[in-house]
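What's in input_7.txt: compact mmCIF, C-alpha atoms
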# COMPACT_ATOMS: atom_id res chain seq x y z
CA MET A 109 22.68 27.48 -0.60
CA LYS A 110 20.11 29.74 -2.21
CA PHE A 111 16.31 29.55 -2.19
CA THR A 112 13.14 31.63 -2.24
CA ILE A 113 10.24 31.30 0.20
CA LEU A 114 7.26 33.38 1.31
CA GLN A 115 7.88 35.33 4.52
CA GLU A 116 4.66 33.97 6.03
CA LYS A 117 5.63 30.35 5.37
CA LEU A 118 9.13 30.76 6.80
CA LYS A 119 7.73 32.53 9.85
CA SER A 120 5.27 29.68 10.35
CA GLY A 121 8.04 27.08 10.31
CA LEU A 122 10.25 29.16 12.55
CA SER A 123 7.46 29.45 15.13
CA ILE A 124 7.54 25.65 15.43
CA VAL A 125 11.26 24.96 15.69
CA GLU A 126 12.14 27.99 17.82
CA ARG A 127 10.14 26.56 20.73
CA VAL A 128 12.99 24.28 21.80
CA PRO A 129 16.19 26.37 21.81
CA THR A 130 16.90 28.03 25.15
CA LYS A 131 19.62 30.48 26.11
CA SER A 132 22.43 28.08 26.92
CA LEU A 133 25.66 29.41 28.40
CA THR A 134 27.40 26.04 28.52
CA LEU A 135 26.40 25.00 24.97
CA PRO A 136 25.76 28.17 22.95
CA ILE A 137 25.53 26.09 19.76
CA LEU A 138 22.02 25.09 20.94
CA ASN A 139 20.85 28.69 20.48
CA ASN A 140 20.98 28.13 16.71
CA LEU A 141 18.80 26.63 14.02
CA LEU A 142 20.13 24.36 11.31
CA PHE A 143 19.07 25.56 7.85
CA LYS A 144 19.40 22.90 5.16
CA VAL A 145 18.28 22.88 1.52
CA ASP A 146 18.19 19.50 -0.19
CA LYS A 147 16.63 19.33 -3.65
CA ASN A 148 13.47 21.44 -3.30
CA PHE A 149 13.02 20.91 0.43
CA LEU A 150 14.02 23.35 3.16
CA THR A 151 14.59 21.76 6.58
CA LEU A 152 14.73 23.74 9.83
CA SER A 153 16.08 21.83 12.85
CA SER A 154 16.54 22.69 16.53
CA THR A 155 17.37 20.75 19.69
CA ASP A 156 18.10 21.14 23.40
CA LEU A 157 19.61 17.60 23.51
CA GLU A 158 16.41 16.22 25.07
CA ILE A 159 13.95 17.26 22.36
CA GLY A 160 14.67 17.69 18.67
CA ILE A 161 12.29 19.31 16.18
CA LYS A 162 12.46 19.25 12.38
CA TRP A 163 10.20 21.14 9.98
CA TRP A 164 10.10 20.78 6.19
CA THR A 165 8.61 22.79 3.38
CA LEU A 166 8.89 22.97 -0.39
CA VAL A 167 10.85 25.96 -1.71
CA LYS A 168 12.18 27.28 -4.99
CA ALA A 169 15.79 26.18 -4.60
CA GLU A 170 18.73 27.29 -6.74
CA LYS A 171 21.58 25.85 -4.66
CA GLU A 172 21.72 23.23 -1.94
CA GLY A 173 23.62 23.67 1.31
CA SER A 174 23.35 24.21 5.06
CA VAL A 175 24.29 26.70 7.78
CA LEU A 176 23.65 27.44 11.47
CA ILE A 177 21.82 30.67 12.27
CA PRO A 178 20.97 32.30 15.67
CA VAL A 179 17.29 31.64 16.17
CA LYS A 180 16.38 34.89 17.97
CA ILE A 181 18.08 37.11 15.38
CA LEU A 182 16.24 35.50 12.48
CA SER A 183 12.92 35.41 14.35
CA ASN A 184 13.12 39.12 15.20
CA LEU A 185 14.09 39.99 11.63
CA LEU A 186 11.13 38.14 10.09
CA ASN A 187 8.70 40.17 12.18
CA PHE A 188 9.73 43.31 10.25
CA LEU A 189 9.63 41.84 6.75
CA PRO A 190 6.56 42.13 4.50
CA ASN A 191 4.63 39.01 3.48
CA THR A 192 6.33 38.73 0.11
CA PRO A 193 8.90 36.29 -1.29
CA VAL A 194 12.17 36.19 0.67
CA THR A 195 15.40 35.20 -1.04
CA ILE A 196 17.96 33.60 1.26
CA GLU A 197 21.52 32.87 0.19
CA LYS A 198 24.50 31.45 2.06
CA GLN A 199 27.73 33.35 1.46
CA ASP A 200 30.66 31.72 3.28
CA LEU A 201 29.13 31.21 6.75
CA ASN A 202 26.78 34.19 6.48
CA LEU A 203 23.11 34.20 5.53
CA VAL A 204 22.00 37.02 3.24
CA VAL A 205 18.27 37.73 3.50
CA GLU A 206 16.58 39.86 0.81
CA CYS A 207 12.92 40.83 0.87
CA GLY A 208 11.53 43.88 -0.96
CA ASN A 209 13.49 46.92 0.24
CA TYR A 210 15.29 44.92 2.95
CA LYS A 211 18.70 43.29 2.66
CA THR A 212 20.29 41.82 5.78
CA GLN A 213 23.35 39.72 6.51
CA ILE A 214 23.30 37.37 9.51
CA LYS A 215 26.50 35.76 10.81
CA GLY A 216 26.23 31.99 10.84
CA GLN A 217 28.28 29.02 12.02
CA ASN A 218 29.55 25.72 10.68
CA PRO A 219 26.62 23.27 10.35
CA ASP A 220 28.94 20.36 11.20
CA ASP A 221 29.05 21.62 14.81
CA PHE A 222 25.30 21.09 15.32
CA PRO A 223 24.26 18.02 17.36
CA ILE A 224 22.74 15.17 15.38
CA ILE A 225 19.02 14.64 15.98
CA PRO A 226 18.69 10.84 16.02
CA GLY A 227 16.17 8.90 14.00
CA VAL A 228 13.76 6.55 15.75
CA GLY A 229 13.31 2.97 14.57
CA GLU A 230 12.29 1.62 11.21
CA GLU A 231 9.18 -0.25 12.33
CA GLU A 232 5.73 0.60 11.05
CA PRO A 233 4.36 3.68 12.83
CA VAL A 234 1.34 3.74 15.11
CA VAL A 235 -1.13 5.95 13.25
CA LEU A 236 -3.27 8.15 15.50
CA ASP A 237 -6.17 10.52 15.02
CA LYS A 238 -4.48 13.83 15.78
CA ILE A 239 -7.51 15.66 17.20
CA SER A 240 -8.63 12.96 19.64
CA PHE A 241 -5.04 12.24 20.69
CA CYS A 242 -4.23 15.88 21.42
CA GLN A 243 -7.54 16.51 23.17
CA GLY A 244 -6.94 13.47 25.38
CA LEU A 245 -3.38 14.52 26.13
CA SER A 246 -4.57 17.98 27.17
CA GLN A 247 -6.80 16.41 29.84
CA VAL A 248 -3.89 14.82 31.72
CA LEU A 249 -0.82 16.87 30.78
CA GLU A 250 -0.76 19.42 33.59
CA ILE A 251 -1.37 16.83 36.33
CA ALA A 252 2.17 15.42 36.09
CA SER A 253 4.56 16.26 38.92
CA HIS A 254 7.07 19.08 38.46
CA SER A 255 9.47 17.56 41.00
CA SER A 256 12.79 16.01 40.01
CA VAL A 257 12.79 13.79 43.12
CA LYS A 258 10.54 11.20 41.42
CA PRO A 259 11.36 11.47 37.71
CA GLU A 260 9.04 8.59 36.82
CA ILE A 261 5.97 10.70 37.69
CA SER A 262 7.30 13.87 36.06
CA GLY A 263 5.94 12.77 32.70
CA VAL A 264 2.85 11.27 31.07
CA TYR A 265 2.55 7.49 31.09
CA PHE A 266 1.29 5.89 27.87
CA LEU A 267 0.01 2.34 27.50
CA PHE A 268 -0.80 1.19 23.96
CA GLN A 269 -3.07 -1.83 23.75
CA ARG A 270 -4.69 -3.29 20.67
CA ASP A 271 -7.92 -1.28 20.80
CA LEU A 272 -7.14 1.19 23.57
CA ILE A 273 -4.63 3.89 24.49
CA ARG A 274 -4.30 4.96 28.12
CA MET A 275 -2.70 8.26 29.13
CA VAL A 276 -1.98 8.77 32.82
CA ALA A 277 -0.42 11.53 34.92
CA THR A 278 -0.04 12.02 38.66
CA ASP A 279 1.74 14.20 41.20
CA SER A 280 1.01 11.89 44.17
CA PHE A 281 -1.89 14.11 45.34
CA ARG A 282 -4.13 13.56 42.30
CA LEU A 283 -4.20 11.36 39.23
CA ALA A 284 -5.84 11.65 35.81
CA GLU A 285 -6.44 8.84 33.32
CA LYS A 286 -7.73 9.29 29.78
CA LYS A 287 -8.72 6.33 27.63
CA LEU A 288 -8.84 6.57 23.85
CA PHE A 289 -11.06 3.83 22.47
CA LEU A 290 -9.88 3.11 18.93
CA LYS A 291 -12.24 2.52 16.00
CA GLU A 292 -9.61 0.41 14.26
CA PRO A 293 -7.31 -1.87 16.31
CA LEU A 294 -3.61 -1.07 16.30
CA SER A 295 -1.34 -3.54 14.53
CA LEU A 296 0.76 -4.28 17.61
CA SER A 297 2.46 -7.57 18.40
CA LYS A 298 2.50 -6.65 22.10
CA GLU A 299 1.58 -3.88 24.53
CA TYR A 300 3.78 -0.80 24.40
CA PHE A 301 4.29 1.54 27.32
CA PHE A 302 6.57 4.51 27.98
CA ILE A 303 6.86 7.69 30.05
CA LEU A 304 6.96 10.87 27.97
CA PRO A 305 8.57 13.97 29.56
CA GLN A 306 6.02 16.65 30.35
CA LYS A 307 7.92 19.22 28.27
CA THR A 308 7.75 16.97 25.20
CA ALA A 309 4.06 16.29 25.79
CA ARG A 310 3.40 20.02 26.03
CA GLU A 311 5.32 20.80 22.83
CA THR A 312 3.56 17.94 21.02
CA LEU A 313 0.24 19.47 22.01
CA ASN A 314 1.30 23.01 21.11
CA ILE A 315 2.76 22.08 17.73
CA PHE A 316 0.25 19.56 16.47
CA GLY A 317 -2.74 20.99 18.35
CA GLU A 318 -6.09 20.36 16.72
CA LYS A 319 -5.02 20.43 13.08
CA ASP A 320 -7.06 17.85 11.25
CA ASN A 321 -5.00 14.96 9.92
CA GLU A 322 -3.22 11.90 11.21
CA LEU A 323 -0.32 11.78 13.61
CA ARG A 324 2.32 9.06 13.35
CA LEU A 325 4.17 7.65 16.34
CA TYR A 326 7.49 5.80 16.09
CA LEU A 327 8.95 3.97 19.09
CA SER A 328 12.39 2.78 20.13
CA PRO A 329 13.63 1.56 23.54
CA ASN A 330 14.81 5.02 24.68
CA GLN A 331 13.14 7.48 22.33
CA VAL A 332 9.88 8.37 20.67
CA MET A 333 9.06 10.36 17.55
CA PHE A 334 5.82 12.11 16.59
CA GLU A 335 5.40 12.96 12.92
CA SER A 336 2.87 14.65 10.66
CA LEU A 337 3.00 14.58 6.87
CA MET A 338 2.64 17.31 4.26
CA ALA A 339 -0.75 17.67 2.62
CA GLU A 340 0.65 17.86 -0.93
CA THR A 341 3.17 14.99 -0.74
CA PRO A 342 3.82 11.97 1.55
CA HIS A 343 6.84 13.67 3.05
CA PRO A 344 7.29 14.60 6.73
CA GLN A 345 6.09 18.09 7.65
CA VAL A 346 7.03 18.11 11.33
CA GLN A 347 8.94 15.64 13.50
CA ILE A 348 9.44 15.79 17.27
CA VAL A 349 12.04 13.39 18.65
CA SER A 350 12.37 13.00 22.41
CA ARG A 351 14.12 10.90 24.96
CA LEU A 352 11.90 8.88 27.30
CA ILE A 353 11.97 8.90 31.08
CA GLU A 354 13.59 5.82 32.56
CA GLY A 355 12.06 4.07 35.54
CA GLU A 356 8.95 2.13 36.45
CA TYR A 357 5.65 3.96 36.60
CA PRO A 358 3.62 3.37 39.79
CA ASN A 359 0.86 0.77 39.65
CA TYR A 360 -1.74 3.51 39.49
CA GLN A 361 -4.67 1.08 39.21
CA GLU A 362 -4.21 0.30 42.90
CA ILE A 363 -4.90 3.94 43.76
CA ILE A 364 -8.29 4.11 41.99
CA PRO A 365 -11.12 3.23 44.41
CA LYS A 366 -13.15 0.22 43.31
CA LYS A 367 -16.26 1.24 45.26
CA TYR A 368 -17.64 4.31 46.98
CA GLU A 369 -19.49 5.25 50.15
CA THR A 370 -21.19 8.33 48.68
CA GLN A 371 -22.00 9.33 45.12
CA VAL A 372 -22.86 12.88 44.03
CA VAL A 373 -24.25 13.68 40.56
CA CYS A 374 -24.38 17.40 39.77
CA GLN A 375 -23.92 20.13 37.17
CA LYS A 376 -20.24 20.71 36.46
CA SER A 377 -20.59 24.46 35.97
CA GLU A 378 -22.33 24.95 39.32
CA PHE A 379 -19.82 22.80 41.19
CA LEU A 380 -16.83 24.53 39.56
CA ASN A 381 -18.24 28.02 40.12
CA GLN A 382 -18.76 27.39 43.82
CA ILE A 383 -15.29 25.88 44.21
CA LYS A 384 -13.84 29.06 42.69
CA GLY A 385 -15.92 31.16 45.07
CA ALA A 386 -14.70 29.22 48.09
CA ALA A 387 -11.13 29.53 46.83
CA VAL A 388 -11.21 33.30 47.42
CA PHE A 389 -11.38 32.76 51.19
CA SER A 390 -9.26 29.61 51.52
CA GLY A 391 -6.13 29.68 53.69
CA LYS A 392 -2.52 28.82 53.00
CA ILE A 393 -3.24 25.15 52.28
CA ASN A 394 -6.07 25.99 49.82
CA GLU A 395 -8.59 24.12 51.97
CA VAL A 396 -12.27 24.01 51.03
CA LYS A 397 -14.59 22.05 53.32
CA MET A 398 -17.50 20.05 51.93
CA LYS A 399 -20.53 18.67 53.70
CA ILE A 400 -22.40 16.05 51.68
CA ASP A 401 -26.02 15.73 52.83
CA PRO A 402 -27.85 12.80 51.16
CA LYS A 403 -31.03 13.40 53.16
CA ASN A 404 -31.57 16.83 51.61
CA ASN A 405 -29.66 16.17 48.36
CA ARG A 406 -27.42 19.10 49.10
CA VAL A 407 -23.68 19.86 49.00
CA GLU A 408 -22.39 22.65 51.24
CA LEU A 409 -19.02 24.36 50.71
CA SER A 410 -17.19 26.56 53.15
CA SER A 411 -13.79 28.17 53.61
CA GLN A 412 -12.26 30.71 55.91
CA ASN A 413 -9.23 32.94 56.11
CA PRO A 414 -8.39 34.79 59.33
CA ASP A 415 -7.21 37.80 57.33
CA PHE A 416 -10.10 38.11 54.87
CA GLY A 417 -13.23 36.42 56.23
CA GLN A 418 -15.26 33.32 55.48
CA TYR A 419 -17.37 31.80 52.73
CA HIS A 420 -20.42 29.51 52.64
CA SER A 421 -22.57 28.25 49.77
CA PHE A 422 -24.55 25.20 48.72
CA PHE A 423 -26.01 23.57 45.65
CA SER A 424 -28.49 20.79 44.95
CA ALA A 425 -27.38 17.40 43.64
CA LYS A 426 -28.50 13.79 43.34
CA ILE A 427 -26.82 12.03 46.25
CA LYS A 428 -26.86 8.44 47.39
CA GLY A 429 -24.94 6.77 50.19
CA GLU A 430 -23.62 8.11 53.47
CA SER A 431 -23.21 11.71 54.62
CA GLN A 432 -19.63 13.00 54.39
CA ASP A 433 -17.57 15.83 55.87
CA VAL A 434 -14.39 16.15 53.87
CA SER A 435 -11.84 18.80 52.84
CA PHE A 436 -9.99 19.24 49.55
CA ASN A 437 -7.41 21.49 47.98
CA HIS A 438 -9.61 23.78 45.86
CA ARG A 439 -7.06 23.97 43.05
CA PHE A 440 -6.97 20.20 42.68
CA LEU A 441 -10.78 19.99 42.49
CA ALA A 442 -10.97 22.86 40.00
CA ASP A 443 -8.32 21.26 37.75
CA GLY A 444 -10.23 17.99 37.66
CA LEU A 445 -13.55 19.65 36.88
CA ALA A 446 -12.02 21.86 34.18
CA ASN A 447 -10.72 18.81 32.31
CA ILE A 448 -14.12 17.10 32.22
CA ARG A 449 -15.92 17.67 28.93
CA SER A 450 -19.52 16.83 29.96
CA SER A 451 -22.10 19.14 31.56
CA GLU A 452 -22.80 16.69 34.40
CA VAL A 453 -20.21 15.08 36.66
CA ILE A 454 -20.10 12.21 39.12
CA PHE A 455 -18.21 12.71 42.37
CA GLU A 456 -17.57 9.54 44.37
CA LEU A 457 -16.20 9.63 47.92
CA THR A 458 -14.78 6.86 50.10
CA GLY A 459 -14.23 8.77 53.36
CA SER A 460 -12.49 11.82 54.75
CA ASP A 461 -8.96 10.41 54.36
CA ARG A 462 -9.28 8.22 51.26
CA PRO A 463 -9.20 9.13 47.55
CA ALA A 464 -12.25 10.54 45.79
CA VAL A 465 -13.08 10.18 42.09
CA LEU A 466 -14.39 12.79 39.65
CA LYS A 467 -15.62 11.65 36.25
CA PRO A 468 -18.01 12.68 33.48
CA LYS A 469 -21.52 11.28 33.58
CA ASP A 470 -22.13 8.69 30.84
CA ASP A 471 -18.48 8.71 29.73
CA GLU A 472 -16.00 6.03 30.74
CA SER A 473 -13.03 7.60 28.96
CA TYR A 474 -11.85 9.94 31.75
CA LEU A 475 -11.44 9.83 35.50
CA TYR A 476 -9.70 12.03 38.03
CA VAL A 477 -8.61 10.82 41.47
CA VAL A 478 -7.94 13.37 44.19
CA MET A 479 -6.75 12.94 47.77
CA PRO A 480 -8.59 14.89 50.49
CA ILE A 481 -6.83 17.08 53.03
CA LYS A 482 -6.58 15.04 56.20
CA ALA A 483 -8.17 16.57 59.28
CA SER A 484 -5.56 17.73 61.77
Can you present the structure in this file as structure tokens?
Amino acid sequence: MKFTILQEKLKSGLSIVERVPTKSLTLPILNNLLFKVDKNFLTLSSTDLEIGIKWWTLVKAEKEGSVLIPVKILSNLLNFLPNTPVTIEKQDLNLVVECGNYKTQIKGQNPDDFPIIPGVGEEEPVVLDKISFCQGLSQVLEIASHSSVKPEISGVYFLFQRDLIRMVATDSFRLAEKKLFLKEPLSLSKEYFFILPQKTARETLNIFGEKDNELRLYLSPNQVMFESLMAETPHPQVQIVSRLIEGEYPNYQEIIPKKYETQVVCQKSEFLNQIKGAAVFSGKINEVKMKIDPKNNRVELSSQNPDFGQYHSFFSAKIKGESQDVSFNHRFLADGLANIRSSEVIFELTGSDRPAVLKPKDDESYLYVVMPIKAS
């Protein structure tokens, strides 16, 4: 194997695939990257047995071949090399790296020992708008539970319908749903649904981000693959393959209140700022008390901590319905408000011990359900 590539391009690819390998004592082979040159394509591959990532680029290749290389060693080396062409050659199981005045030899391993990253299906992909998909995913991603007790809620639930994609996450105390209304209907013979591990969802967001082009999704019964293509040729640029979480997702629609007792319409920035202020004086359970006053169109917030003092503030809002005295975890409220993209929000309450709903004004694509702290 021998090829030439710009340092900057190799570093860019390495920054994508090195996200998955972790320091494994039981399976040290997973601490490596698979380098493979086939024709004029260089492929970098990594896996932790749950997620697999592949990255391709065009290179000036002289010889084909493959080898396993420790990811951290190569990553640290590239940081010291100038942004000039790098010549990389496999000699036995070693990788010789030459760049300007630098010449380094890295000990490699047999590529046959590397786990196979499985392919996913041969059906037509679901083609997604990358920007809207990633922005929507970012609004629900961090709401998923981190507990291993209920694995079905430790990921993001996806439901693909003909003209709509729903993304849902919950940790039992709050729930977020994002709807992507599609301009062109998906060519689906039936509804598809799956639960994507939170780690995979996070890496999908980090890797594909807001780069402007399409994202392809391939499905199989137990796995999913996200793929983007190269700009210069219809060849894959990046693929993320992941297992799916088994189990049945809760019927979350039953949790969303169908009506409210009190509705508050207010400026998001003012609401969020006052929540953050009250958070400074909240106690161990992060409690912030709210008094909703429809008569005076006013929302009062208060919190107290026996060690630091107490807090009180208020802001004006458009309120209709009944007066309410209710307490919430300030972090849960702040998370919901931070994920709303509009300047005005609607806050609907159904009582001091029943779920409340936060959503953008004049936007049906996002809602956030949060449980209050029950009065003791």
Q) What gap, in Å, lies between CA of Ile225 in chain A and CA of Gly121 in chain A? A)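 Interatomic distance, CA of Ile225 in chain A to CA of Gly121 in chain A: 17.5 Å.
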Q | Contacts of range 312-328 of chain A at 7 Å (only C-alpha atoms; same-chain gap of 5+ positions) as a list in words | A |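 That gives Ile124, Val228, Gly229, Pro233, Val234, Val235, Leu236, Asp237, Lys238, Ile239, Cys242, Met333, Phe334, Glu335 and Ser336 of chain A.
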Q.
Counting all atoms listed in the file, which residues have an atom no more than 10 Å from (12.4, 15.8, 20.6) in the file's coordinates? Please list them as a PyMOL selection string.
A. chain A and resi 128+154-162+225-226+305+307-309+311-312+331-334+347-352
Q. Excluding same-chain residues fewer than 4 positions from Glu356 in chain A, what lies within 12 Å of it counting all atoms listed in the file, as a count of residues only?
A. 12
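CA of Thr278 in chain A is found 24.9 Å from CA of Asp433 in chain A.
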Q: Rank nothing, just name the residue among A:Asp279, A:Asp415, A:Glu430, A:Glu170 nearest to Pro402 in chain A, using only C-alpha atoms.
A: A:Glu430
Q. For Lys482 in chain A, which residue among A:Lys397, A:Gln375, A:Phe423, A:Gly417 is the nearest when counting all atoms listed in the file?
A.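 For Lys482 in chain A, the nearest of the candidates is A:Lys397.
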Q: Determine, counting only C-alpha atoms, which protein, DNA and RNA residues have an atom within 12 Å of an atom of range 201-211 of chain A; residues of the same chain fewer than 5 positions away are not included. Present the result as a ChimeraX atom specification.
A: /A:109-116,118,142-144,173-178,181-182,185-186,188-196,216-220
Q.
Ranking A:Lys376, A:Lys171, A:Arg310, A:Lys392 by minimum distance to Leu245 in chain A and counting all atoms listed in the file, which one comes first?
A.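 Going through A:Lys376, A:Lys171, A:Arg310, A:Lys392 one by one, the smallest distance to Leu245 in chain A is for A:Arg310.
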I'd like the box whose edges run along x, y and z of the file and which contains every listed atom of range 161-174 of chain A, padded by 3 Å per side; could you state its centre and edge lengths in Å, one decimal, as lines of an AutoDock Vina configuration file?
center_x = 16.1
center_y = 23.3
center_z = 4.7
size_x = 21.0
size_y = 14.0
size_z = 28.9
Q: Skip Tyr300 in chain A itself and residues of its chain fewer than 2 positions away, then list as number ranges by chain all residues within 10 Å of it, counting only C-alpha atoms.
A: A: 266-270, 273, 296-298, 302, 327
Q: Choose the residue, out of A:Glu285, A:Glu378, A:Glu197, A:Glu408, that has the smallest atom-to-atom separation from Lys467 in chain A; count all atoms listed in the file.
A: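 Going through A:Glu285, A:Glu378, A:Glu197, A:Glu408 one by one, the smallest distance to Lys467 in chain A is for A:Glu285.
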**Q.** Residue neighbourhood range 469-472 of chain A, 10 Å, all atoms listed in the file, exclusion window fewer than 4 positions, as a VMD selection string
**A.** chain A and resid 286 to 289 373 to 376 448 to 455
Would you save the residues from that selection as a compact mmCIF listing (two decimals), in the coordinates of the input, using C-alpha atoms?
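Listed below is the output, out.txt:
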# COMPACT_ATOMS: atom_id res chain seq x y z
CA LYS A 286 -7.73 9.29 29.78
CA LYS A 287 -8.72 6.33 27.63
CA LEU A 288 -8.84 6.57 23.85
CA PHE A 289 -11.06 3.83 22.47
CA VAL A 373 -24.25 13.68 40.56
CA CYS A 374 -24.38 17.40 39.77
CA GLN A 375 -23.92 20.13 37.17
CA LYS A 376 -20.24 20.71 36.46
CA ILE A 448 -14.12 17.10 32.22
CA ARG A 449 -15.92 17.67 28.93
CA SER A 450 -19.52 16.83 29.96
CA SER A 451 -22.10 19.14 31.56
CA GLU A 452 -22.80 16.69 34.40
CA VAL A 453 -20.21 15.08 36.66
CA ILE A 454 -20.10 12.21 39.12
CA PHE A 455 -18.21 12.71 42.37
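Residue nearest Ser421 in chain A, chosen from A:Ala386, A:Asn187, A:Asp461, A:Leu152 and counting only C-alpha atoms: A:Ala386.
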Q. Just how far from CA of Leu304 in chain A is CA of Gly244 in chain A, in Å to one decimal?
A.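 CA of Leu304 in chain A lies 14.4 Å from CA of Gly244 in chain A.
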Got a sec to check which residues sit within 8 Å of (-22.6, 16.6, 51.0), counting all atoms listed in the file, and write them as a tab-separated table (two decimals) with C-alpha atoms, keeping the file's coordinate frame?
chain	number	residue	atom	x	y	z
A	372	VAL	CA	-22.86	12.88	44.03
A	398	MET	CA	-17.50	20.05	51.93
A	399	LYS	CA	-20.53	18.67	53.70
A	400	ILE	CA	-22.40	16.05	51.68
A	401	ASP	CA	-26.02	15.73	52.83
A	402	PRO	CA	-27.85	12.80	51.16
A	405	ASN	CA	-29.66	16.17	48.36
A	406	ARG	CA	-27.42	19.10	49.10
A	407	VAL	CA	-23.68	19.86	49.00
A	408	GLU	CA	-22.39	22.65	51.24
A	427	ILE	CA	-26.82	12.03	46.25
A	431	SER	CA	-23.21	11.71	54.62
A	432	GLN	CA	-19.63	13.00	54.39
A	433	ASP	CA	-17.57	15.83	55.87
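Across A:Phe440, A:Lys119, A:Asp271, A:Asp146, the tightest approach to Leu294 in chain A is made by A:Asp271 when counting all atoms listed in the file.
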